[in-house]
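Enquirer: This is the structure I want to talk about, given as structure tokens.
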2 protein chains.
Amino acid sequence: MKSPYDDSSFFSAYSSMTRSRLGLDGAGEWETVRSLMPDAAGMSILDLGCGFGWHAAWFCRQGAARIRAVDSSVSMLEKARLFNNDERISYEEGDIESLDFGIMQYDLVFSSLVFHYVRDYSTLIRKIQSCLKPGGCLLFSLEHPAFTAEGSEDWCYDENGCIKHFPLDNYFREGERMTGFLGFPVRKYHRTLTTYLSVLLDSGFAVTAVREPEVPEHLKGLEEMKNEWRRPMMLVIRAEKIHTA
Amino acid sequence: MKSPYDDSSFFSAYSSMTRSRLGLDGAGEWETVRSLMPDAAGMSILDLGCGFGWHAAWFCRQGAARIRAVDSSVSMLEKARLFNNDERISYEEGDIESLDFGIMQYDLVFSSLVFHYVRDYSTLIRKIQSCLKPGGCLLFSLEHPAFTAEGSEDWCYDENGCIKHFPLDNYFREGERMTGFLGFPVRKYHRTLTTYLSVLLDSGFAVTAVREPEVPEHLKGLEEMKNEWRRPMMLVIRAEKIHTA
């Protein structure tokens with residue numbers, strides 16, 4: 001299946017976002033994610049949905065031994081190889097739902113804003129549990145269940161175009177959501193917080209951190225960030241493999 | 001400070017709720033809470049905000065050794081002593097924020113729908129951690145952060161009085177919320193999911209379950225339950241004391 005990121009108009013819109021132009025420092029959740037990172041020195045890392053490779057490059061700067069960086073978009077990987085090239089990074093085209101991750105290969109599995117695109121979360125978590133070494137870490141960010149539930153991912157406005165609040169609805173109806181992102185239709189999957197955490201706890205993980213990132217000081221001036229204190233938009237979860245399930 | 005439950009009109013309204021009339025089977029979250037209960041046989045238990053004593057009596061039926069059941073409302077305790085009397089239950093009037101819980105006394109600390117009334121959650125969790133025996137369990141339900149955030153705890157309606165959605169707002173502004181409950185003003189405290197879980201993880205607890213209860217089959221016919229699939233209203237959290245912090 002072709003990645004929406006390989007549509008040239010969509011890709012061009014995505015490439016002009018603050019997070020795409022500025023890399024990690026332009027991503028509102030990065031301070032939170034970084035604060036939860038294990039010491040990557042010497043680590044063997046699997047990066048699921050690597051995008052432009054900003055995280056893979058950061059892992060290199062931290063002294064990681066090798067990074068397998070997977071993305072389903074050819075356009076993304078092309079830019080990643082251009083912007084963030086390093087002999088320790090193997091960029092690879094692949095769909096994380098069908099890809100074989102191997103057994104006890106990695107110290108860290110990392111994923112940034114990808115799991116809400118995944119149809120079968122339980123199977124993905126089982127594959128991650130198997131490919132981690134004992135004591136290995138899973139760290140991922142995703143769109144917050146309170147953000148994905150209703151479906152539009154848009155605020156409610158009054159007659160003057162001012163934001164009234166964010167709509168919460170359909171929370172316990174898990175499954176597909178067709179939303180707009182940068183003016184293009186995108187298919188996502190809504191799941192409850194209960195599902196995100198219970199599947200981990202039932203699959204041989206200890207959950208060691210759950211954070212809802214707040215906008216960092218240096219991005220508070222951006223128009224796109226000024227209402228983000230009103231709703232949780234993202235969730236960052238860290239888990240540790242406690243036994244071979 | 002007088003408990004709002006000691007206002008006679010409020011108390012009478014509360015007493016007529018399904019959960020008050022039917023006990024545990026009338027509480028939408030009970031199936032979820034029960035599924036997370038440790039085996040209470042022989043346990044020494046602290047019940048924070050015991051209300052009518054339904055949970056204390058249930059612990060007795062499971063073979064608990066003793067239950068210290070605390071509530072700030074004299075009216076509640078009066079009914080509890082009437083409805084759910086047992087020599088293993090010590091009912092006690094007290095404010096859980098100022099009460100001394102003792103050190104390594106309990107196998108289980110239980111609390112049903114009380115922590116959103118607590119001003120200082122961190123201090124409460126530290127007290128609970130200290131009063132639990134090593135390996136002891138904390139199990140509590142509370143109003144969901146997505147439910148308490150905006151402040152009104154009411155749906156948004158269209159011009160015909162039909163529910164449109166539930167409003168989410170002010171999420172990262174933690175603190176006091178004056179809401180209506182049964183037609184009376186009630187003071188609650190909103191905190192983010194991040195705070196609820198991070199304080200536990202930072203205070204010597206492992207988080208072993210996080211669940212958002214769904215309406216059970218036998219209550220789905222109730223008018224008051226028919227839209228509860230649209231928003232998460234409660235959160236149930238189980239944690240285990242992992243070391244003496």
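Just so we're on the same page: first chain in the structure tokens is A, next is B, and so on; residues restart at 1 for each chain, and ligands are numbered from 1 in the order they show up.
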Would you pick out the contacts of segment 98-105 of chain A at 6 Å or less, using only C-alpha atoms, so that residues sharing its chain but fewer than 4 positions from it are not included, and give the list as number ranges by chain?

Expert: A: 130-133

Enquirer: I'd like the contact shell of segment 236-240 of chain A - 8 Å cut-off, only C-alpha atoms, skipping same-chain residues fewer than 4 positions apart - returned as a PyMOL selection string.

Expert: chain A and resi 32-33+36+135-142+200+205-213

Enquirer: Can you pull out every residue within 6 Å of Ala40 of chain B, counting only C-alpha atoms, but drop anything in the same chain fewer than 2 positions away, and send it as a PyMOL selection string?

Expert: chain B and resi 38+43+62+64

Enquirer: Only N, CA, C and O atoms, please: the residues just picked out, written as an mmCIF file, in the first residue's frame.

Expert:
```cif
data_model
loop_
_atom_site.group_PDB
_atom_site.id
_atom_site.type_symbol
_atom_site.label_atom_id
_atom_site.label_comp_id
_atom_site.auth_asym_id
_atom_site.auth_seq_id
_atom_site.Cartn_x
_atom_site.Cartn_y
_atom_site.Cartn_z
ATOM 1 N N PRO B 38 -7.249 -7.449 44.610
ATOM 2 C CA PRO B 38 -6.428 -8.579 45.056
ATOM 3 C C PRO B 38 -7.298 -9.503 45.915
ATOM 4 O O PRO B 38 -8.397 -9.115 46.314
ATOM 5 N N MET B 43 -6.581 -9.989 54.743
ATOM 6 C CA MET B 43 -5.931 -8.683 54.559
ATOM 7 C C MET B 43 -6.341 -7.651 55.604
ATOM 8 O O MET B 43 -7.473 -7.630 56.085
ATOM 9 N N GLN B 62 -15.200 -11.362 51.550
ATOM 10 C CA GLN B 62 -14.030 -12.013 50.931
ATOM 11 C C GLN B 62 -13.059 -12.541 51.983
ATOM 12 O O GLN B 62 -12.000 -13.065 51.631
ATOM 13 N N ALA B 64 -11.584 -10.639 54.601
ATOM 14 C CA ALA B 64 -10.583 -9.691 55.109
ATOM 15 C C ALA B 64 -10.499 -9.770 56.632
ATOM 16 O O ALA B 64 -11.491 -10.076 57.308
#
```

Enquirer: Quick check: residues of chain A within 6 Å of chain B, only C-alpha atoms, returned as number ranges by chain.

Expert: A: 165-172, 194, 211-212, 229-231

Enquirer: Can you spit out the residues from that selection as a PDB file, in the first residue's frame, using N, CA, C and O atoms?

Expert:
```pdb
ATOM      1  N   HIS A 165     -14.123  25.034  22.629  1.00  0.00           N
ATOM      2  CA  HIS A 165     -13.534  23.899  23.341  1.00  0.00           C
ATOM      3  C   HIS A 165     -13.195  22.842  22.294  1.00  0.00           C
ATOM      4  O   HIS A 165     -13.429  23.042  21.099  1.00  0.00           O
ATOM      5  N   PHE A 166     -12.686  21.721  22.736  1.00  0.00           N
ATOM      6  CA  PHE A 166     -12.391  20.608  21.838  1.00  0.00           C
ATOM      7  C   PHE A 166     -13.457  19.540  22.066  1.00  0.00           C
ATOM      8  O   PHE A 166     -13.805  19.254  23.207  1.00  0.00           O
ATOM      9  N   PRO A 167     -14.003  18.932  20.997  1.00  0.00           N
ATOM     10  CA  PRO A 167     -15.075  17.956  21.198  1.00  0.00           C
ATOM     11  C   PRO A 167     -14.558  16.566  21.562  1.00  0.00           C
ATOM     12  O   PRO A 167     -13.625  16.058  20.941  1.00  0.00           O
ATOM     13  N   LEU A 168     -15.177  15.985  22.584  1.00  0.00           N
ATOM     14  CA  LEU A 168     -14.874  14.606  22.980  1.00  0.00           C
ATOM     15  C   LEU A 168     -16.134  13.788  22.709  1.00  0.00           C
ATOM     16  O   LEU A 168     -17.233  14.167  23.141  1.00  0.00           O
ATOM     17  N   ASP A 169     -15.980  12.693  21.983  1.00  0.00           N
ATOM     18  CA  ASP A 169     -17.142  11.858  21.627  1.00  0.00           C
ATOM     19  C   ASP A 169     -16.642  10.488  21.162  1.00  0.00           C
ATOM     20  O   ASP A 169     -15.444  10.329  20.885  1.00  0.00           O
ATOM     21  N   ASN A 170     -17.532   9.509  21.102  1.00  0.00           N
ATOM     22  CA  ASN A 170     -17.215   8.177  20.531  1.00  0.00           C
ATOM     23  C   ASN A 170     -16.053   7.481  21.233  1.00  0.00           C
ATOM     24  O   ASN A 170     -15.383   6.641  20.612  1.00  0.00           O
ATOM     25  N   TYR A 171     -15.786   7.846  22.471  1.00  0.00           N
ATOM     26  CA  TYR A 171     -14.545   7.411  23.103  1.00  0.00           C
ATOM     27  C   TYR A 171     -14.370   5.893  23.132  1.00  0.00           C
ATOM     28  O   TYR A 171     -13.278   5.377  22.872  1.00  0.00           O
ATOM     29  N   PHE A 172     -15.443   5.170  23.466  1.00  0.00           N
ATOM     30  CA  PHE A 172     -15.304   3.716  23.599  1.00  0.00           C
ATOM     31  C   PHE A 172     -15.555   2.965  22.288  1.00  0.00           C
ATOM     32  O   PHE A 172     -15.571   1.742  22.260  1.00  0.00           O
ATOM     33  N   THR A 194      -7.066   2.766  28.066  1.00  0.00           N
ATOM     34  CA  THR A 194      -7.130   1.427  28.651  1.00  0.00           C
ATOM     35  C   THR A 194      -6.448   0.411  27.740  1.00  0.00           C
ATOM     36  O   THR A 194      -5.622  -0.393  28.193  1.00  0.00           O
ATOM     37  N   ARG A 211       3.268  10.171  29.867  1.00  0.00           N
ATOM     38  CA  ARG A 211       3.306  11.641  29.898  1.00  0.00           C
ATOM     39  C   ARG A 211       2.511  12.248  28.755  1.00  0.00           C
ATOM     40  O   ARG A 211       2.556  11.757  27.632  1.00  0.00           O
ATOM     41  N   GLU A 212       1.839  13.337  29.099  1.00  0.00           N
ATOM     42  CA  GLU A 212       1.163  14.148  28.084  1.00  0.00           C
ATOM     43  C   GLU A 212       1.994  15.415  27.887  1.00  0.00           C
ATOM     44  O   GLU A 212       2.016  16.284  28.769  1.00  0.00           O
ATOM     45  N   TRP A 229      -2.657  24.134  25.462  1.00  0.00           N
ATOM     46  CA  TRP A 229      -2.833  23.904  26.903  1.00  0.00           C
ATOM     47  C   TRP A 229      -4.271  23.463  27.215  1.00  0.00           C
ATOM     48  O   TRP A 229      -4.569  23.005  28.305  1.00  0.00           O
ATOM     49  N   ARG A 230      -5.147  23.572  26.222  1.00  0.00           N
ATOM     50  CA  ARG A 230      -6.566  23.320  26.474  1.00  0.00           C
ATOM     51  C   ARG A 230      -6.976  21.859  26.290  1.00  0.00           C
ATOM     52  O   ARG A 230      -8.046  21.457  26.727  1.00  0.00           O
ATOM     53  N   ARG A 231      -6.145  21.095  25.592  1.00  0.00           N
ATOM     54  CA  ARG A 231      -6.461  19.683  25.345  1.00  0.00           C
ATOM     55  C   ARG A 231      -5.152  18.896  25.346  1.00  0.00           C
ATOM     56  O   ARG A 231      -4.098  19.433  24.983  1.00  0.00           O
TER      57      ARG A 231
END
```

Enquirer: Could you give me the residues within segment 49-236 of chain B that DSSP places in strand (DSSP E or B), as a PyMOL selection string?

Expert: chain B and resi 66-71+89-93+106-112+132-143+156-157+163-168+175-181+184-190+205-211+234-236

Enquirer: Applying 12 Å and only C-alpha atoms, which residues near Tyr5 of chain A remain after dropping the ones on its own chain fewer than 4 positions away? List them as a list in words.

Expert: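 Contacts, with the query itself left out: Met1, Ser9, Phe10, Phe11, Ser12, Ala13, Tyr14, Ser15, Gly49, Gly51, Phe52, Asp71, Ser72, Ser73, Val74, Ser75, Met76, Leu77, Glu78, Lys79, Phe181, Leu182, Phe184, Pro185 and Val186 of chain A.
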
Enquirer: Would you export the selected residues with N, CA, C and O atoms as a short mmCIF file (atom, residue, chain, number, x, y, z; two decimals), in the first residue's frame, please?

Expert:
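Output (part.cif):
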```cif
data_model
loop_
_atom_site.label_atom_id
_atom_site.label_comp_id
_atom_site.auth_asym_id
_atom_site.auth_seq_id
_atom_site.Cartn_x
_atom_site.Cartn_y
_atom_site.Cartn_z
N MET A 1 0.85 -1.20 0.00
CA MET A 1 0.00 0.00 0.00
C MET A 1 0.88 1.25 0.00
O MET A 1 1.81 1.35 0.79
N SER A 9 1.95 16.36 -3.15
CA SER A 9 1.39 17.58 -2.53
C SER A 9 1.38 17.44 -1.01
O SER A 9 1.71 18.36 -0.29
N PHE A 10 0.96 16.25 -0.54
CA PHE A 10 0.94 16.02 0.90
C PHE A 10 2.36 16.13 1.46
O PHE A 10 2.60 16.78 2.48
N PHE A 11 3.29 15.51 0.76
CA PHE A 11 4.67 15.51 1.24
C PHE A 11 5.24 16.92 1.31
O PHE A 11 5.97 17.27 2.25
N SER A 12 4.85 17.72 0.36
CA SER A 12 5.33 19.10 0.35
C SER A 12 4.73 19.88 1.52
O SER A 12 5.43 20.67 2.19
N ALA A 13 3.42 19.65 1.81
CA ALA A 13 2.80 20.31 2.97
C ALA A 13 3.46 19.85 4.26
O ALA A 13 3.78 20.66 5.15
N TYR A 14 3.71 18.54 4.38
CA TYR A 14 4.33 18.01 5.59
C TYR A 14 5.74 18.59 5.77
O TYR A 14 6.15 18.94 6.86
N SER A 15 6.44 18.70 4.65
CA SER A 15 7.83 19.18 4.72
C SER A 15 7.92 20.63 5.18
O SER A 15 8.97 21.08 5.64
N GLY A 49 8.94 3.90 11.92
CA GLY A 49 8.37 5.12 11.34
C GLY A 49 9.35 6.26 11.52
O GLY A 49 9.07 7.25 12.19
N GLY A 51 10.60 8.54 9.57
CA GLY A 51 10.43 9.84 8.92
C GLY A 51 11.72 10.36 8.32
O GLY A 51 12.43 9.63 7.62
N PHE A 52 12.06 11.60 8.61
CA PHE A 52 13.26 12.23 8.06
C PHE A 52 14.54 11.78 8.77
O PHE A 52 15.61 12.29 8.46
N ASP A 71 10.59 2.99 7.52
CA ASP A 71 9.47 3.86 7.17
C ASP A 71 8.80 3.29 5.92
O ASP A 71 9.45 2.65 5.09
N SER A 72 7.48 3.54 5.79
CA SER A 72 6.76 3.02 4.63
C SER A 72 6.81 4.00 3.46
O SER A 72 6.38 3.67 2.35
N SER A 73 7.35 5.19 3.68
CA SER A 73 7.36 6.21 2.63
C SER A 73 8.74 6.34 1.97
O SER A 73 9.74 6.65 2.63
N VAL A 74 8.76 6.12 0.68
CA VAL A 74 10.00 6.24 -0.08
C VAL A 74 10.51 7.68 -0.05
O VAL A 74 11.72 7.93 0.09
N SER A 75 9.58 8.64 -0.12
CA SER A 75 9.99 10.06 -0.12
C SER A 75 10.65 10.43 1.20
O SER A 75 11.65 11.18 1.23
N MET A 76 10.07 9.93 2.29
CA MET A 76 10.65 10.19 3.61
C MET A 76 12.08 9.64 3.69
O MET A 76 12.99 10.32 4.14
N LEU A 77 12.22 8.40 3.26
CA LEU A 77 13.52 7.74 3.37
C LEU A 77 14.58 8.42 2.49
O LEU A 77 15.75 8.50 2.85
N GLU A 78 14.13 8.95 1.34
CA GLU A 78 15.04 9.67 0.46
C GLU A 78 15.63 10.89 1.17
O GLU A 78 16.84 11.12 1.16
N LYS A 79 14.72 11.65 1.84
CA LYS A 79 15.17 12.84 2.59
C LYS A 79 16.02 12.42 3.79
O LYS A 79 17.00 13.08 4.14
N PHE A 181 -5.50 15.94 7.64
CA PHE A 181 -4.20 16.38 8.14
C PHE A 181 -3.56 17.17 7.00
O PHE A 181 -3.36 16.63 5.90
N LEU A 182 -3.31 18.44 7.27
CA LEU A 182 -2.73 19.33 6.26
C LEU A 182 -3.61 19.39 5.01
O LEU A 182 -3.11 19.52 3.90
N PHE A 184 -5.41 16.97 3.76
CA PHE A 184 -5.54 15.69 3.06
C PHE A 184 -6.23 14.68 3.97
O PHE A 184 -6.06 14.73 5.19
N PRO A 185 -7.01 13.75 3.41
CA PRO A 185 -7.63 12.73 4.25
C PRO A 185 -6.59 11.70 4.70
O PRO A 185 -5.74 11.29 3.91
N VAL A 186 -6.65 11.36 5.97
CA VAL A 186 -5.69 10.40 6.53
C VAL A 186 -6.46 9.39 7.39
O VAL A 186 -7.34 9.77 8.14
#
```

Enquirer: Restricting the calculation to only C-alpha atoms, which member of B:Ile67, B:Leu22, B:Leu82, B:Leu124 is positioned closest to Leu108 of chain B?

Expert: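 Under the stated criterion, the closest residue is B:Ile67.
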
Enquirer: Check segment 77-245 of chain B with DSSP on the backbone and list each residue it calls helix (DSSP H, G or I), as JSON, numbers by chain.

Expert: {"B": [77, 78, 79, 80, 81, 82, 83, 115, 116, 117, 121, 122, 123, 124, 125, 126, 127, 128, 129, 130, 131, 145, 146, 147, 148, 193, 194, 195, 196, 197, 198, 199, 200, 201, 202, 217, 218, 219, 223, 224, 225, 228, 229, 230]}

Enquirer: Show which residues sit within 10 Å of Asp25 of chain B, as number ranges by chain. Count only C-alpha atoms, and ignore same-chain residues fewer than 5 positions away.

Expert: B: 18-20, 30-31, 54, 216, 218-219

Enquirer: At what distance in Å, to one decimal, does atom CA of Leu24 of chain A lie from atom CA of Glu93 of chain A?

Expert: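 So the two atoms, atom CA of Glu93 of chain A and atom CA of Leu24 of chain A, lie 21.8 Å apart.
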
Enquirer: Write out as a VMD selection string which residues come within 9 Å of Glu97 of chain A when counting only C-alpha atoms, dropping same-chain ones fewer than 3 positions away.

Expert: chain A and resid 94 100 118 to 121 123 to 124

Enquirer: If you keep N, CA, C and O atoms, can you produce a file of those selected residues as a short mmCIF file (atom, residue, chain, number, x, y, z; two decimals), in the first residue's frame?

Expert:
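Listing of part07.cif after writing:
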```
data_model
loop_
_atom_site.label_atom_id
_atom_site.label_comp_id
_atom_site.auth_asym_id
_atom_site.auth_seq_id
_atom_site.Cartn_x
_atom_site.Cartn_y
_atom_site.Cartn_z
N GLY A 94 9.51 -0.24 4.62
CA GLY A 94 8.73 -1.38 5.11
C GLY A 94 7.50 -0.94 5.87
O GLY A 94 7.42 0.18 6.39
N ASP A 100 9.08 -8.28 9.76
CA ASP A 100 9.63 -9.16 10.79
C ASP A 100 10.69 -8.37 11.57
O ASP A 100 11.63 -7.84 10.98
N VAL A 118 -1.57 2.43 13.14
CA VAL A 118 -1.48 0.97 13.13
C VAL A 118 -2.84 0.36 13.41
O VAL A 118 -3.51 0.72 14.37
N ARG A 119 -3.24 -0.60 12.56
CA ARG A 119 -4.55 -1.23 12.70
C ARG A 119 -4.56 -2.22 13.86
O ARG A 119 -5.47 -2.25 14.66
N ASP A 120 -3.52 -3.05 13.94
CA ASP A 120 -3.48 -4.12 14.93
C ASP A 120 -2.39 -3.85 15.97
O ASP A 120 -1.25 -4.31 15.83
N TYR A 121 -2.78 -3.12 17.01
CA TYR A 121 -1.83 -2.70 18.04
C TYR A 121 -1.32 -3.89 18.87
O TYR A 121 -0.13 -3.97 19.17
N THR A 123 -0.87 -7.07 18.10
CA THR A 123 0.14 -7.85 17.38
C THR A 123 1.47 -7.09 17.31
O THR A 123 2.54 -7.67 17.50
N LEU A 124 1.38 -5.79 17.09
CA LEU A 124 2.60 -4.97 17.04
C LEU A 124 3.35 -5.04 18.38
O LEU A 124 4.57 -5.22 18.41
#
```
